[in-house]
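Undergrad: Got a structure for you, questions after.
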Amino acid sequence: MQNIFKIQKKRTRGFTIIETLTATMMLTMTILGPLTVAINAASYSRQVKDVMIATYLAQEAIELLRHQQDSIYIRCGRENAPSCVINFGESPREAAWRILKARLGTTAAGPTCFGTGCTYDFVDMTTNEDVNPSKYATSGNSCSKLAVTSSGMYVCSGIRAGSNSKSTSFTRIISVQSVNTFGGTDAQYNDDLRVTVTISFIKANGVTRQIKIVDFLHSRA
C-alpha cells in the first residue's frame with residue numbers, strides 16, 4: 001500500500017519552475033509578437049501619411065504659382081484688365097511674365113519670394129487675382145506653421161486658424177530663382193523661374209524631416 005501511494009504522489013505533482021517559465025515565455029511571445037507588428041504598422045502608416053501630406057503641400061505651392069501665371073496671362077490677353085498694364089513695346093505675353101515676377105519679388109504685400117524665400121496659402125493666392133497676393137516671412141508668426149481646417153484645407157495658422165482648425169507641425173518655404181536661358185534685351189522676358197518648395201514636419205520620434213520639390217515655370221509662347 002505504501003508503494004501505491006508513493007506512485008500516485010509522483011504522478012500528481014505540479015509544474016516545475018522551468019516548465020512554468022517556459023510556458024510564460026511562450027505566452028509572452030505569442031502576445032507580444034502580433035502586438036509589436038501592430039504598433040510598427042501603425043507607426044509606419046503615420047509616417048507614410050505625413051510624407052504624402054508634405055508632398056501634396058509642396059505640389060500645391062507650385063500649382064498656386066501656375067494659377068497666378070495663367071490668370072495674369074489671360075488678363076493680359078484681354079488687354080484691359082486692371083491687373084495687367086502693358087508697357088509700350090511689350091506683347092501681352094511679355095507683360096504677363098514681367099508682372100508675375102514682380103508679384104513674387106515685390107515687398108509691398110509681404111517678403112520677396114526670391115532668395116531666402118517666402119510662404120503663402122491657398123486663400124491668399126486665389127482670393128483676388130487683380131491685386132498682389134499676400135506673402136509671409138517663413139520665420140514670422142503669420143504663417144510659420146500650417147493648420148488644417150475642418151474641410152481639409154491647409155492654411156496659415158497665425159492668421160486663419162479658427163476654433164475648428166487643427167494645428168500641425170508642417171512648415172512651407174517657397175524659394176524662387178531666375179534662370180537666364182537667353183541673353184540680350186529679351187532676357188527678362190525669356191528667363192525661367194526655378195521654384196524650390198521645402199516642407200518640414202516633425203516625425204513621431206521627434207526628428208524633423210524635409211520633403212523638397214523643384215520645378216520650373218516658363219514664359220508662355
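Naming scheme: A, B, ... for chains in displayed order of the C-alpha cells; residues 1 onward per chain; ligands 1 onward as shown.
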Using only C-alpha atoms, determine which residues lie at most 8 Å from A:Pro92, disregarding the query and same-chain residues fewer than 5 positions distant; provide the list as a ChimeraX atom specification.
TA: /A:73,76-77,79,86
Undergrad: Would you save the residues from that selection as a short mmCIF file (atom, residue, chain, number, x, y, z; two decimals), in the first residue's frame, using N, CA, C and O atoms?
TA:
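Now in part.cif:
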data_model
loop_
_atom_site.label_atom_id
_atom_site.label_comp_id
_atom_site.auth_asym_id
_atom_site.auth_seq_id
_atom_site.Cartn_x
_atom_site.Cartn_y
_atom_site.Cartn_z
N TYR A 73 -1.83 85.80 -67.45
CA TYR A 73 -1.72 85.63 -68.90
C TYR A 73 -3.07 85.87 -69.58
O TYR A 73 -3.16 86.55 -70.62
N CYS A 76 -3.91 89.63 -69.37
CA CYS A 76 -3.12 90.43 -70.30
C CYS A 76 -3.57 90.20 -71.74
O CYS A 76 -3.45 91.09 -72.59
N GLY A 77 -4.10 89.00 -72.02
CA GLY A 77 -4.62 88.74 -73.34
C GLY A 77 -5.83 89.60 -73.66
O GLY A 77 -6.08 89.95 -74.83
N GLU A 79 -6.12 92.64 -72.48
CA GLU A 79 -5.50 93.96 -72.60
C GLU A 79 -6.31 95.08 -71.94
O GLU A 79 -6.09 96.25 -72.20
N ILE A 86 0.14 96.90 -69.86
CA ILE A 86 1.13 96.55 -70.86
C ILE A 86 1.95 97.79 -71.22
O ILE A 86 1.39 98.81 -71.65
#
Undergrad: Near A:Val179, within 8 Å and counting only C-alpha atoms, which residues show up once chain neighbours fewer than 5 positions away are dropped, as a list in words?
TA: Asp191, Asp192, Leu193 and Arg194 of chain A
Undergrad: Write the residues you've just listed into a file as a PDB file, in the first residue's frame, and include N, CA and C atoms for each of them.
TA:
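Just written: selection_3.pdb:
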ATOM      1  N   ASP A 191      13.546  84.367 -69.475  1.00  0.00           N
ATOM      2  CA  ASP A 191      14.191  83.558 -68.448  1.00  0.00           C
ATOM      3  C   ASP A 191      13.182  82.568 -67.851  1.00  0.00           C
ATOM      4  N   ASP A 192      13.674  81.584 -67.162  1.00  0.00           N
ATOM      5  CA  ASP A 192      12.835  80.614 -66.451  1.00  0.00           C
ATOM      6  C   ASP A 192      12.881  80.912 -64.951  1.00  0.00           C
ATOM      7  N   LEU A 193      11.864  80.472 -64.246  1.00  0.00           N
ATOM      8  CA  LEU A 193      11.841  80.601 -62.792  1.00  0.00           C
ATOM      9  C   LEU A 193      11.982  79.212 -62.178  1.00  0.00           C
ATOM     10  N   ARG A 194      13.031  79.060 -61.404  1.00  0.00           N
ATOM     11  CA  ARG A 194      13.267  77.803 -60.696  1.00  0.00           C
ATOM     12  C   ARG A 194      12.622  77.908 -59.318  1.00  0.00           C
TER      13      ARG A 194
END
Undergrad: So, counting only C-alpha atoms, which residue among A:Ala61, A:Ile173, A:Ala147, A:Ala108 is closest to A:Ile159?
TA: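 Of A:Ala61, A:Ile173, A:Ala147, A:Ala108, the one nearest A:Ile159, counting only C-alpha atoms, is A:Ala147.
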Undergrad: Of the residues A:Gln47, A:Thr112, A:Met26, A:Ser134, which is the one nearest to A:Val207, using only C-alpha atoms?
TA: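 Comparing A:Gln47, A:Thr112, A:Met26, A:Ser134 against A:Val207, the winner is A:Gln47.
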Undergrad: Could you tell me how far atom CA of A:Gln68 lies from atom CA of A:Met125, in Å and to one decimal?
TA: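 Separating atom CA of A:Gln68 from atom CA of A:Met125 is a distance of 7.2 Å.
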Undergrad: Would you list the contacts of A:Cys118 as JSON, numbers by chain, taking every protein, DNA or RNA residue within 6 Å and counting only C-alpha atoms, but skipping same-chain residues closer than 4 positions in sequence?
TA: {"A": [113, 136, 137, 138, 173, 174]}
Undergrad: Using N, CA, C and O atoms, can you export the residues from the last selection as a compact mmCIF listing (two decimals), in the first residue's frame?
TA:
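The resulting result_7.txt:
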# COMPACT_ATOMS: atom_id res chain seq x y z
N CYS A 113 9.81 86.46 -52.65
CA CYS A 113 9.99 85.02 -52.73
C CYS A 113 11.35 84.65 -53.32
O CYS A 113 11.75 83.49 -53.28
N TYR A 136 4.20 85.87 -46.82
CA TYR A 136 4.60 85.96 -45.43
C TYR A 136 6.04 85.49 -45.25
O TYR A 136 6.55 84.68 -46.02
N ALA A 137 6.65 86.03 -44.22
CA ALA A 137 8.00 85.58 -43.86
C ALA A 137 7.92 84.19 -43.23
O ALA A 137 7.01 83.90 -42.44
N THR A 138 8.85 83.34 -43.59
CA THR A 138 8.81 81.97 -43.09
C THR A 138 9.13 81.88 -41.60
O THR A 138 8.82 80.87 -40.96
N ILE A 173 8.28 76.57 -47.19
CA ILE A 173 9.13 77.65 -47.68
C ILE A 173 9.21 77.56 -49.19
O ILE A 173 9.53 76.50 -49.74
N ILE A 174 8.91 78.67 -49.88
CA ILE A 174 8.98 78.73 -51.33
C ILE A 174 10.09 79.69 -51.72
O ILE A 174 10.08 80.86 -51.35
Undergrad: Rounded to one decimal, what separation in Å do you get between atom CA of A:Gly105 and atom CA of A:Thr149?
TA: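 Computing it gives 29.1 Å between the two atoms.
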Undergrad: Using only C-alpha atoms, which protein or nucleic acid residues come within 6 Å of A:Ser175? Drop anything in the same chain fewer than 6 positions from it, and give the result as a list in words.
TA: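 After dropping sequence-adjacent residues, the list is Cys113, Phe114, Gly117, Val195 and Thr196 of chain A.
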Undergrad: What would the file look like if the residues just selected were written as an mmCIF file, in the first residue's frame with N, CA and C atoms?
TA:
data_model
loop_
_atom_site.group_PDB
_atom_site.id
_atom_site.type_symbol
_atom_site.label_atom_id
_atom_site.label_comp_id
_atom_site.auth_asym_id
_atom_site.auth_seq_id
_atom_site.Cartn_x
_atom_site.Cartn_y
_atom_site.Cartn_z
ATOM 1 N N CYS A 113 9.807 86.461 -52.647
ATOM 2 C CA CYS A 113 9.995 85.018 -52.731
ATOM 3 C C CYS A 113 11.355 84.655 -53.318
ATOM 4 N N PHE A 114 12.060 85.642 -53.857
ATOM 5 C CA PHE A 114 13.397 85.401 -54.386
ATOM 6 C C PHE A 114 14.393 85.355 -53.227
ATOM 7 N N GLY A 117 13.354 83.158 -49.616
ATOM 8 C CA GLY A 117 12.044 82.553 -49.800
ATOM 9 C C GLY A 117 10.932 83.198 -49.005
ATOM 10 N N VAL A 195 11.613 77.080 -59.074
ATOM 11 C CA VAL A 195 10.840 77.134 -57.831
ATOM 12 C C VAL A 195 11.212 75.934 -56.965
ATOM 13 N N THR A 196 11.682 76.229 -55.758
ATOM 14 C CA THR A 196 12.022 75.179 -54.799
ATOM 15 C C THR A 196 11.096 75.282 -53.596
#
Undergrad: List the spatial neighbours of A:Ser200 as an NGL selection string - criterion: any atom at most 9 Å away, only C-alpha atoms, same-chain residues fewer than 4 positions off excluded.
TA: :A and (54 or 169-173 or 208-212)
Undergrad: Selected residues, N, CA, C and O atoms, written as a short mmCIF file (atom, residue, chain, number, x, y, z; two decimals), in the first residue's frame, please.
TA:
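Once everything was written out, this is selection.cif:
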data_model
loop_
_atom_site.label_atom_id
_atom_site.label_comp_id
_atom_site.auth_asym_id
_atom_site.auth_seq_id
_atom_site.Cartn_x
_atom_site.Cartn_y
_atom_site.Cartn_z
N ALA A 54 3.00 66.09 -46.93
CA ALA A 54 4.09 67.02 -47.24
C ALA A 54 4.28 67.15 -48.74
O ALA A 54 4.48 68.26 -49.26
N SER A 169 2.54 70.45 -37.56
CA SER A 169 3.95 70.80 -37.50
C SER A 169 4.52 71.12 -38.87
O SER A 169 5.71 71.35 -39.01
N PHE A 170 3.66 71.17 -39.90
CA PHE A 170 4.13 71.40 -41.26
C PHE A 170 4.48 72.87 -41.48
O PHE A 170 3.71 73.77 -41.15
N THR A 171 5.66 73.10 -42.03
CA THR A 171 6.08 74.44 -42.45
C THR A 171 6.38 74.38 -43.94
O THR A 171 6.81 73.34 -44.46
N ARG A 172 6.19 75.52 -44.63
CA ARG A 172 6.39 75.55 -46.08
C ARG A 172 7.19 76.78 -46.47
O ARG A 172 6.83 77.90 -46.13
N ILE A 173 8.28 76.57 -47.19
CA ILE A 173 9.13 77.65 -47.68
C ILE A 173 9.21 77.56 -49.19
O ILE A 173 9.53 76.50 -49.74
N THR A 208 12.98 65.97 -37.15
CA THR A 208 12.42 66.78 -38.22
C THR A 208 12.81 66.20 -39.57
O THR A 208 13.97 65.89 -39.81
N ARG A 209 11.83 66.08 -40.45
CA ARG A 209 12.07 65.56 -41.80
C ARG A 209 11.65 66.62 -42.82
O ARG A 209 10.72 67.39 -42.57
N GLN A 210 12.32 66.63 -43.97
CA GLN A 210 12.03 67.58 -45.02
C GLN A 210 11.69 66.86 -46.33
O GLN A 210 12.28 65.84 -46.66
N ILE A 211 10.71 67.43 -47.03
CA ILE A 211 10.37 66.99 -48.38
C ILE A 211 10.59 68.20 -49.29
O ILE A 211 10.06 69.29 -49.03
N LYS A 212 11.38 68.02 -50.35
CA LYS A 212 11.71 69.14 -51.23
C LYS A 212 11.34 68.80 -52.67
O LYS A 212 11.66 67.71 -53.16
#
Undergrad: Measure the distance from atom CA of A:Asn87 to atom CA of A:Ile74 in Å and round it to one decimal.
TA: 16.5 Å
Undergrad: Would you pick out the contacts of A:His218 at 12 Å or less, using only C-alpha atoms, so that residues sharing its chain but fewer than 6 positions from it are not included, and give the list as number ranges by chain?
TA: A: 65-66, 69-70, 93-94, 96-98, 100-101, 178-181, 188-195
Undergrad: Could you dump the residues just selected with N, CA and C atoms as a JSON list (two decimals), in the first residue's frame?
TA:
[["chain", "number", "residue", "atom", "x", "y", "z"],
["A", 65, "LEU", "N", 1.26, 78.90, -57.90],
["A", 65, "LEU", "CA", 2.02, 79.82, -58.76],
["A", 65, "LEU", "C", 1.59, 79.68, -60.21],
["A", 66, "ARG", "N", 1.32, 78.47, -60.64],
["A", 66, "ARG", "CA", 0.85, 78.28, -62.01],
["A", 66, "ARG", "C", -0.53, 78.93, -62.20],
["A", 69, "GLN", "N", 0.17, 82.54, -62.73],
["A", 69, "GLN", "CA", 0.70, 82.77, -64.07],
["A", 69, "GLN", "C", -0.41, 82.69, -65.12],
["A", 70, "ASP", "N", -1.25, 81.68, -65.06],
["A", 70, "ASP", "CA", -2.33, 81.52, -66.03],
["A", 70, "ASP", "C", -3.34, 82.67, -65.94],
["A", 93, "ARG", "N", 2.06, 88.62, -73.77],
["A", 93, "ARG", "CA", 2.83, 87.55, -73.15],
["A", 93, "ARG", "C", 3.98, 88.08, -72.32],
["A", 94, "GLU", "N", 4.69, 89.05, -72.86],
["A", 94, "GLU", "CA", 5.83, 89.62, -72.14],
["A", 94, "GLU", "C", 5.37, 90.38, -70.90],
["A", 96, "ALA", "N", 2.69, 89.73, -69.13],
["A", 96, "ALA", "CA", 2.25, 88.75, -68.13],
["A", 96, "ALA", "C", 3.44, 88.17, -67.37],
["A", 97, "TRP", "N", 4.53, 87.87, -68.06],
["A", 97, "TRP", "CA", 5.71, 87.31, -67.41],
["A", 97, "TRP", "C", 6.37, 88.33, -66.49],
["A", 98, "ARG", "N", 6.43, 89.59, -66.94],
["A", 98, "ARG", "CA", 7.02, 90.64, -66.12],
["A", 98, "ARG", "C", 6.20, 90.85, -64.84],
["A", 100, "LEU", "N", 4.16, 88.70, -63.32],
["A", 100, "LEU", "CA", 4.28, 87.55, -62.41],
["A", 100, "LEU", "C", 5.55, 87.66, -61.58],
["A", 101, "LYS", "N", 6.68, 87.97, -62.21],
["A", 101, "LYS", "CA", 7.93, 88.08, -61.46],
["A", 101, "LYS", "C", 7.89, 89.26, -60.49],
["A", 178, "SER", "N", 15.59, 83.22, -60.64],
["A", 178, "SER", "CA", 15.54, 83.47, -62.08],
["A", 178, "SER", "C", 16.72, 82.79, -62.75],
["A", 179, "VAL", "N", 16.42, 82.01, -63.79],
["A", 179, "VAL", "CA", 17.46, 81.30, -64.54],
["A", 179, "VAL", "C", 17.48, 81.87, -65.95],
["A", 180, "ASN", "N", 18.56, 82.56, -66.28],
["A", 180, "ASN", "CA", 18.67, 83.19, -67.59],
["A", 180, "ASN", "C", 18.99, 82.14, -68.65],
["A", 181, "THR", "N", 18.05, 81.94, -69.56],
["A", 181, "THR", "CA", 18.25, 80.99, -70.65],
["A", 181, "THR", "C", 18.52, 81.69, -71.97],
["A", 188, "GLN", "N", 14.83, 89.38, -69.85],
["A", 188, "GLN", "CA", 13.84, 89.50, -68.78],
["A", 188, "GLN", "C", 12.51, 88.85, -69.15],
["A", 189, "TYR", "N", 12.27, 88.64, -70.43],
["A", 189, "TYR", "CA", 11.02, 88.04, -70.88],
["A", 189, "TYR", "C", 11.16, 86.56, -71.21],
["A", 190, "ASN", "N", 12.36, 86.05, -71.27],
["A", 190, "ASN", "CA", 12.58, 84.67, -71.68],
["A", 190, "ASN", "C", 13.32, 83.83, -70.66],
["A", 191, "ASP", "N", 13.55, 84.37, -69.48],
["A", 191, "ASP", "CA", 14.19, 83.56, -68.45],
["A", 191, "ASP", "C", 13.18, 82.57, -67.85],
["A", 192, "ASP", "N", 13.67, 81.58, -67.16],
["A", 192, "ASP", "CA", 12.83, 80.61, -66.45],
["A", 192, "ASP", "C", 12.88, 80.91, -64.95],
["A", 193, "LEU", "N", 11.86, 80.47, -64.25],
["A", 193, "LEU", "CA", 11.84, 80.60, -62.79],
["A", 193, "LEU", "C", 11.98, 79.21, -62.18],
["A", 194, "ARG", "N", 13.03, 79.06, -61.40],
["A", 194, "ARG", "CA", 13.27, 77.80, -60.70],
["A", 194, "ARG", "C", 12.62, 77.91, -59.32],
["A", 195, "VAL", "N", 11.61, 77.08, -59.07],
["A", 195, "VAL", "CA", 10.84, 77.13, -57.83],
["A", 195, "VAL", "C", 11.21, 75.93, -56.96]]
Undergrad: Which residues, written as an mmCIF file with C-alpha atoms, in the first residue's frame, have at least one atom at most 9 Å from A:Ile99, with only C-alpha atoms counted and residues fewer than 6 positions away on the same chain left out?
TA:
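Here's the written file result-v4.cif:
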data_model
loop_
_atom_site.group_PDB
_atom_site.id
_atom_site.type_symbol
_atom_site.label_atom_id
_atom_site.label_comp_id
_atom_site.auth_asym_id
_atom_site.auth_seq_id
_atom_site.Cartn_x
_atom_site.Cartn_y
_atom_site.Cartn_z
ATOM 1 C CA GLN A 69 0.696 82.766 -64.069
ATOM 2 C CA ILE A 72 -2.274 87.029 -65.395
ATOM 3 C CA SER A 83 -4.058 93.590 -63.079
ATOM 4 C CA CYS A 84 -2.252 93.882 -66.417
ATOM 5 C CA VAL A 85 -0.738 97.150 -67.620
#
